[in-house]
Structures are given as structure tokens and as C-alpha cells.
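Below: the structure, in C-alpha cells.
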Amino acid sequence: MRRAIELGVTKVNVNTEIRGRYFDELERRLPDVRDGLRLLELERSVVTAVADVVSAKLDLLSPR
């Protein structure tokens, strides 16, 4: 990826990966929070999972 950027690639799509992580985390955590309808706990978990993906992408794609 870094080499592609060095060679001039200026646009990288990451939406599919972010969405995938969102739904993976949602499916993983939903059974745990369904009883009691703990939506805030579910939301925090999903936000953290997505933030991890975004952070990794920013690290990868940021100039050094």
C-alpha cells in the first residue's frame, strides 16, 4: 500500500472494510446484550471496533 502511494495513488477505498467490521462486531455482541436491551453497550462496542479499523487505515495511509 505504501508503495502504491509512493507511485501516485491518491484514492484508497476503505468503506467496505469499515462496514464489514461494523457488522462483524454487531453480530458478535448482539447475543450478549440482547437480554436487557443494553443498546449503549452494543453501540460502544461497535464504535470501538470501527475506530480500530479507521485508526489502522490512518496509520497505514499517512505519510511518514
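Each chain of the C-alpha cells is named A, B, ... in the order shown, its residues numbered from 1; ligands are numbered from 1 in display order.
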
Which residues are near A:Thr48? Cut-off 12 Å, only C-alpha atoms, ignore same chain within fewer than 6 positions. Put them as a compact mmCIF listing (two decimals) with N, CA and C atoms, in the first residue's frame.
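Contents of out36.txt, freshly written:
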```txt
# COMPACT_ATOMS: atom_id res chain seq x y z
N ILE A 18 -14.63 -1.06 6.59
CA ILE A 18 -15.23 -0.47 7.79
C ILE A 18 -16.62 -1.05 8.03
N ARG A 21 -16.39 -4.62 9.37
CA ARG A 21 -16.05 -4.68 10.80
C ARG A 21 -17.24 -4.29 11.66
N TYR A 22 -18.02 -3.31 11.21
CA TYR A 22 -19.22 -2.89 11.92
C TYR A 22 -20.18 -4.07 12.09
N GLU A 25 -18.83 -6.98 14.32
CA GLU A 25 -18.93 -6.67 15.76
C GLU A 25 -20.38 -6.69 16.23
N LEU A 26 -21.27 -6.19 15.41
CA LEU A 26 -22.69 -6.21 15.74
C LEU A 26 -23.18 -7.64 15.94
N GLU A 41 -24.25 -0.28 25.46
CA GLU A 41 -23.10 -1.20 25.49
C GLU A 41 -22.79 -1.71 24.08
N LEU A 42 -23.82 -2.06 23.34
CA LEU A 42 -23.64 -2.53 21.97
C LEU A 42 -23.05 -1.42 21.10
N VAL A 54 -10.41 2.24 11.45
CA VAL A 54 -10.07 3.57 10.93
C VAL A 54 -8.67 3.97 11.38
N SER A 55 -8.35 3.73 12.63
CA SER A 55 -7.02 4.06 13.15
C SER A 55 -5.93 3.30 12.39
```

Open item on the list: Give me, as number ranges by chain, all polymer residues having an atom no more than 12 Å from stretch 30-33 of chain A, counting only C-alpha atoms and skipping those fewer than 6 positions away in the same chain.
Closed with: A: 22-24, 39-46

Go ahead and write the residues just picked, N, CA and C atoms, as a PDB file, in the first residue's frame.
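Ended up saving to selection_8.pdb:
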```
ATOM      1  N   TYR A  22     -18.016  -3.315  11.209  1.00  0.00           N
ATOM      2  CA  TYR A  22     -19.218  -2.886  11.924  1.00  0.00           C
ATOM      3  C   TYR A  22     -20.182  -4.068  12.091  1.00  0.00           C
ATOM      4  N   PHE A  23     -20.496  -4.726  10.989  1.00  0.00           N
ATOM      5  CA  PHE A  23     -21.450  -5.832  11.051  1.00  0.00           C
ATOM      6  C   PHE A  23     -20.885  -7.053  11.775  1.00  0.00           C
ATOM      7  N   ASP A  24     -19.594  -7.305  11.638  1.00  0.00           N
ATOM      8  CA  ASP A  24     -18.975  -8.405  12.384  1.00  0.00           C
ATOM      9  C   ASP A  24     -19.117  -8.191  13.887  1.00  0.00           C
ATOM     10  N   LEU A  39     -28.458  -1.335  24.683  1.00  0.00           N
ATOM     11  CA  LEU A  39     -28.068  -0.714  23.409  1.00  0.00           C
ATOM     12  C   LEU A  39     -26.812   0.133  23.526  1.00  0.00           C
ATOM     13  N   LEU A  40     -26.642   0.852  24.621  1.00  0.00           N
ATOM     14  CA  LEU A  40     -25.464   1.691  24.776  1.00  0.00           C
ATOM     15  C   LEU A  40     -24.195   0.848  24.795  1.00  0.00           C
ATOM     16  N   GLU A  41     -24.246  -0.285  25.457  1.00  0.00           N
ATOM     17  CA  GLU A  41     -23.101  -1.201  25.489  1.00  0.00           C
ATOM     18  C   GLU A  41     -22.787  -1.710  24.080  1.00  0.00           C
ATOM     19  N   LEU A  42     -23.816  -2.061  23.341  1.00  0.00           N
ATOM     20  CA  LEU A  42     -23.639  -2.527  21.966  1.00  0.00           C
ATOM     21  C   LEU A  42     -23.050  -1.416  21.102  1.00  0.00           C
ATOM     22  N   GLU A  43     -23.591  -0.214  21.234  1.00  0.00           N
ATOM     23  CA  GLU A  43     -23.099   0.908  20.432  1.00  0.00           C
ATOM     24  C   GLU A  43     -21.632   1.202  20.730  1.00  0.00           C
ATOM     25  N   ARG A  44     -21.268   1.201  21.985  1.00  0.00           N
ATOM     26  CA  ARG A  44     -19.865   1.465  22.348  1.00  0.00           C
ATOM     27  C   ARG A  44     -18.936   0.420  21.735  1.00  0.00           C
ATOM     28  N   SER A  45     -19.360  -0.815  21.771  1.00  0.00           N
ATOM     29  CA  SER A  45     -18.546  -1.894  21.223  1.00  0.00           C
ATOM     30  C   SER A  45     -18.352  -1.726  19.714  1.00  0.00           C
ATOM     31  N   VAL A  46     -19.411  -1.390  19.021  1.00  0.00           N
ATOM     32  CA  VAL A  46     -19.354  -1.217  17.569  1.00  0.00           C
ATOM     33  C   VAL A  46     -18.498   0.004  17.218  1.00  0.00           C
TER      34      VAL A  46
END
```

- [ ] DSSP on the backbone, then: every residue of chain A marked helix (DSSP H, G or I), written as a PyMOL selection string.
- [x] chain A and resi 2-6+15-34+39-61
